[in-house]
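A.B. asks: So that we are looking at the same thing, I have put the structure below in structure tokens.
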Amino acid sequence: MLYLIEILNWIKDVGLTSVYDMIITQEILDELTAKAKENPRLRCNLDLHNSADDQSQRMLNALEPGTVMPIHRHKTTSETCICIRGHFEEYFYDGNGNLTDTIDMVPGGVVLNIEKGQWHSLKCLESGTVLLEAKDGAYRPLVSDEVMEG
């Protein structure tokens with residue numbers, strides 16, 4: 001809950017009236033990156049819902065090198081990723097955890113749509129990396145059979 005209060009205060013500090021109606025500026029990306037650097041997980045996201053009742057997930061996700069993203073899948077939704085700034089690699093795996101593909105993600109590069117059920121992970125390669133991530137349905141935390149045991 002404290003983290004949510006910090007995000008809401010930050011939204012007010014950067015002059016936004018709502019997360020539901022905004023233009024994404026360099027200032028917002030810089031503030032999000034600063035919060036990622038302060039976070040022990042080395043990442044921070046900003047929800048881009050149209051309303052509290054929105055049935056889709058759209059977020060900016062600021063990443064720093066060293067953030068750990070376990071191999072996981074989404075059984076009920078595909079996931080679309082676009083690199084807004086910085087650089088990361090998206091990794092695809094088979095059901096046994098073997099690496100099957102690596103996609104280089106940079107601004108102006110590919111738009112990646114990850115099929116539902118596809119095992120994947122990523123590695124942040126540059127400080128200040130921000131990606132746009134979108135999934136179907138309301139937010140649902142991963143369940144145990146959606147995270148590959150290492």
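Scheme for the structure tokens: letters A, B, ... for chains in order shown; per-chain residue numbers from 1; ligand numbers from 1 in order shown.
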List every residue of range 32-110 of chain A that DSSP, applied to the backbone of this structure, places in alpha helix (DSSP H), and write the result as a list in words.
C.D. replies: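 Residues of range 32-110 of chain A classed as alpha helix (DSSP H): Leu32, Thr33, Ala34, Lys35, Ala36, Lys37 and Glu38 of chain A.
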A.B. asks: Got time to write the residues from that selection, N, CA and C atoms, as a PDB file, in the first residue's frame?
C.D. replies:
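Result saved to part14.pdb:
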```pdb
ATOM      1  N   LEU A  32      10.262   7.590 -13.637  1.00  0.00           N
ATOM      2  CA  LEU A  32      10.036   6.155 -13.509  1.00  0.00           C
ATOM      3  C   LEU A  32      11.369   5.416 -13.394  1.00  0.00           C
ATOM      4  N   THR A  33      12.336   5.828 -14.192  1.00  0.00           N
ATOM      5  CA  THR A  33      13.671   5.233 -14.123  1.00  0.00           C
ATOM      6  C   THR A  33      14.313   5.485 -12.764  1.00  0.00           C
ATOM      7  N   ALA A  34      14.170   6.688 -12.240  1.00  0.00           N
ATOM      8  CA  ALA A  34      14.732   6.992 -10.917  1.00  0.00           C
ATOM      9  C   ALA A  34      14.121   6.084  -9.857  1.00  0.00           C
ATOM     10  N   LYS A  35      12.817   5.856  -9.941  1.00  0.00           N
ATOM     11  CA  LYS A  35      12.149   4.967  -8.984  1.00  0.00           C
ATOM     12  C   LYS A  35      12.637   3.524  -9.149  1.00  0.00           C
ATOM     13  N   ALA A  36      12.888   3.096 -10.387  1.00  0.00           N
ATOM     14  CA  ALA A  36      13.417   1.741 -10.609  1.00  0.00           C
ATOM     15  C   ALA A  36      14.799   1.592  -9.967  1.00  0.00           C
ATOM     16  N   LYS A  37      15.623   2.615 -10.084  1.00  0.00           N
ATOM     17  CA  LYS A  37      16.971   2.569  -9.496  1.00  0.00           C
ATOM     18  C   LYS A  37      16.921   2.494  -7.973  1.00  0.00           C
ATOM     19  N   GLU A  38      15.892   3.088  -7.372  1.00  0.00           N
ATOM     20  CA  GLU A  38      15.741   3.062  -5.915  1.00  0.00           C
ATOM     21  C   GLU A  38      15.138   1.761  -5.413  1.00  0.00           C
TER      22      GLU A  38
END
```
A.B. asks: I need the residues in range 40-143 of chain A that are strand (DSSP E) according to DSSP; give them as a PyMOL selection string.
C.D. replies: chain A and resi 43-47+56-63+79-85+88-93+99-105+111-114+119-124+129-136
A.B. asks: What would the file look like if the residues just selected were written as a compact mmCIF listing (two decimals), in the first residue's frame with C-alpha atoms?
C.D. replies:
```txt
# COMPACT_ATOMS: atom_id res chain seq x y z
CA ARG A 43 12.24 -2.05 -11.78
CA CYS A 44 9.15 0.09 -11.46
CA ASN A 45 5.94 0.20 -13.49
CA LEU A 46 3.32 2.80 -14.21
CA ASP A 47 -0.20 1.55 -14.88
CA SER A 56 -6.80 -4.78 -20.03
CA GLN A 57 -3.30 -4.28 -18.72
CA ARG A 58 -1.12 -1.54 -20.19
CA MET A 59 1.92 -0.35 -18.34
CA LEU A 60 5.28 1.27 -18.68
CA ASN A 61 7.94 -0.86 -17.06
CA ALA A 62 11.27 0.79 -16.21
CA LEU A 63 14.10 -1.71 -15.85
CA GLU A 79 1.73 -10.16 -24.04
CA THR A 80 2.83 -7.34 -26.32
CA CYS A 81 6.15 -5.55 -25.66
CA ILE A 82 7.67 -2.46 -27.24
CA CYS A 83 11.00 -0.92 -26.20
CA ILE A 84 10.43 2.79 -25.58
CA ARG A 85 14.03 3.56 -24.62
CA PHE A 88 16.81 -5.36 -23.51
CA GLU A 89 16.72 -8.90 -24.82
CA GLU A 90 13.62 -11.07 -24.66
CA TYR A 91 14.28 -14.80 -24.32
CA PHE A 92 11.97 -17.66 -25.34
CA TYR A 93 12.20 -21.16 -23.86
CA LEU A 99 16.56 -21.35 -24.76
CA THR A 100 14.91 -21.40 -28.19
CA ASP A 101 15.14 -17.76 -29.35
CA THR A 102 16.54 -14.35 -28.41
CA ILE A 103 14.91 -11.14 -29.60
CA ASP A 104 16.90 -7.89 -29.45
CA MET A 105 14.62 -5.06 -28.29
CA VAL A 111 6.98 -4.95 -31.70
CA LEU A 112 6.90 -8.30 -29.96
CA ASN A 113 3.70 -10.26 -29.37
CA ILE A 114 4.33 -13.22 -27.06
CA TRP A 119 7.78 -19.42 -21.66
CA HIS A 120 9.82 -16.20 -21.69
CA SER A 121 12.07 -13.89 -19.73
CA LEU A 122 14.18 -10.85 -20.40
CA LYS A 123 17.49 -9.25 -19.57
CA CYS A 124 17.92 -5.48 -19.27
CA THR A 129 15.38 1.05 -20.21
CA VAL A 130 11.60 1.49 -20.40
CA LEU A 131 9.18 -0.81 -22.18
CA LEU A 132 5.49 -0.68 -22.91
CA GLU A 133 3.75 -3.91 -21.96
CA ALA A 134 0.15 -4.89 -22.70
CA LYS A 135 -1.89 -7.98 -21.78
CA ASP A 136 -5.54 -9.02 -21.98
```
A.B. asks: Quick one: distance from CA of Gly95 in chain A to CA of Thr67 in chain A in Å, one decimal?
C.D. replies: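 These atoms are spaced 23.1 Å apart.
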A.B. asks: Hey, which of A:Arg41, A:Glu31, A:Gly86, A:His49 ends up closest to Met69 in chain A? Count only C-alpha atoms.
C.D. replies: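 Using only C-alpha atoms, Met69 in chain A sits closest to A:Arg41.
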A.B. asks: What's around Arg73 in chain A at 8 Å? Count only C-alpha atoms, leave out sequence neighbours fewer than 4 positions away in its own chain, and write the answer as a VMD selection string.
C.D. replies: chain A and resid 116 to 120 146 to 147
A.B. asks: Would you save the residues of that selection, restricted to C-alpha atoms, as an mmCIF file, in the first residue's frame?
C.D. replies:
```cif
data_model
loop_
_atom_site.group_PDB
_atom_site.id
_atom_site.type_symbol
_atom_site.label_atom_id
_atom_site.label_comp_id
_atom_site.auth_asym_id
_atom_site.auth_seq_id
_atom_site.Cartn_x
_atom_site.Cartn_y
_atom_site.Cartn_z
ATOM 1 C CA LYS A 116 -0.157 -17.068 -24.396
ATOM 2 C CA GLY A 117 1.548 -20.044 -22.793
ATOM 3 C CA GLN A 118 5.000 -19.190 -24.250
ATOM 4 C CA TRP A 119 7.784 -19.417 -21.663
ATOM 5 C CA HIS A 120 9.816 -16.204 -21.685
ATOM 6 C CA GLU A 146 3.336 -20.086 -14.646
ATOM 7 C CA VAL A 147 6.846 -19.668 -13.177
#
```
A.B. asks: Given the choices A:Glu115, A:Asn39, A:Ile28, A:Leu142, which gets closest to Ser78 in chain A if the distance is worked out from only C-alpha atoms?
C.D. replies: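 Going through A:Glu115, A:Asn39, A:Ile28, A:Leu142 one by one, the smallest distance to Ser78 in chain A is for A:Glu115.
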A.B. asks: Using CA of Glu64 in chain A and CA of Ser127 in chain A as the two end points, give the distance in Å to one decimal.
C.D. replies: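 For CA of Glu64 in chain A relative to CA of Ser127 in chain A, the distance reads 5.1 Å.
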A.B. asks: Which residue out of A:Glu27, A:Gly150, A:Asn50, A:Val110 has the minimum interatomic distance to His87 in chain A when only C-alpha atoms are used?
C.D. replies: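 Nearest candidate to His87 in chain A out of A:Glu27, A:Gly150, A:Asn50, A:Val110: A:Val110.
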A.B. asks: What does the distance from CA of Met148 in chain A to CA of Ile71 in chain A come to in Å, to one decimal?
C.D. replies: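 Distance between the two atoms: 5.5 Å.
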A.B. asks: For each of A:Ile24, A:Ala138, A:Leu29, A:Val106, take the minimum atom-to-atom distance to Leu125 in chain A, counting only C-alpha atoms, then give the residue where this is smallest.
C.D. replies: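 Closest to Leu125 in chain A of all the choices is A:Val106.
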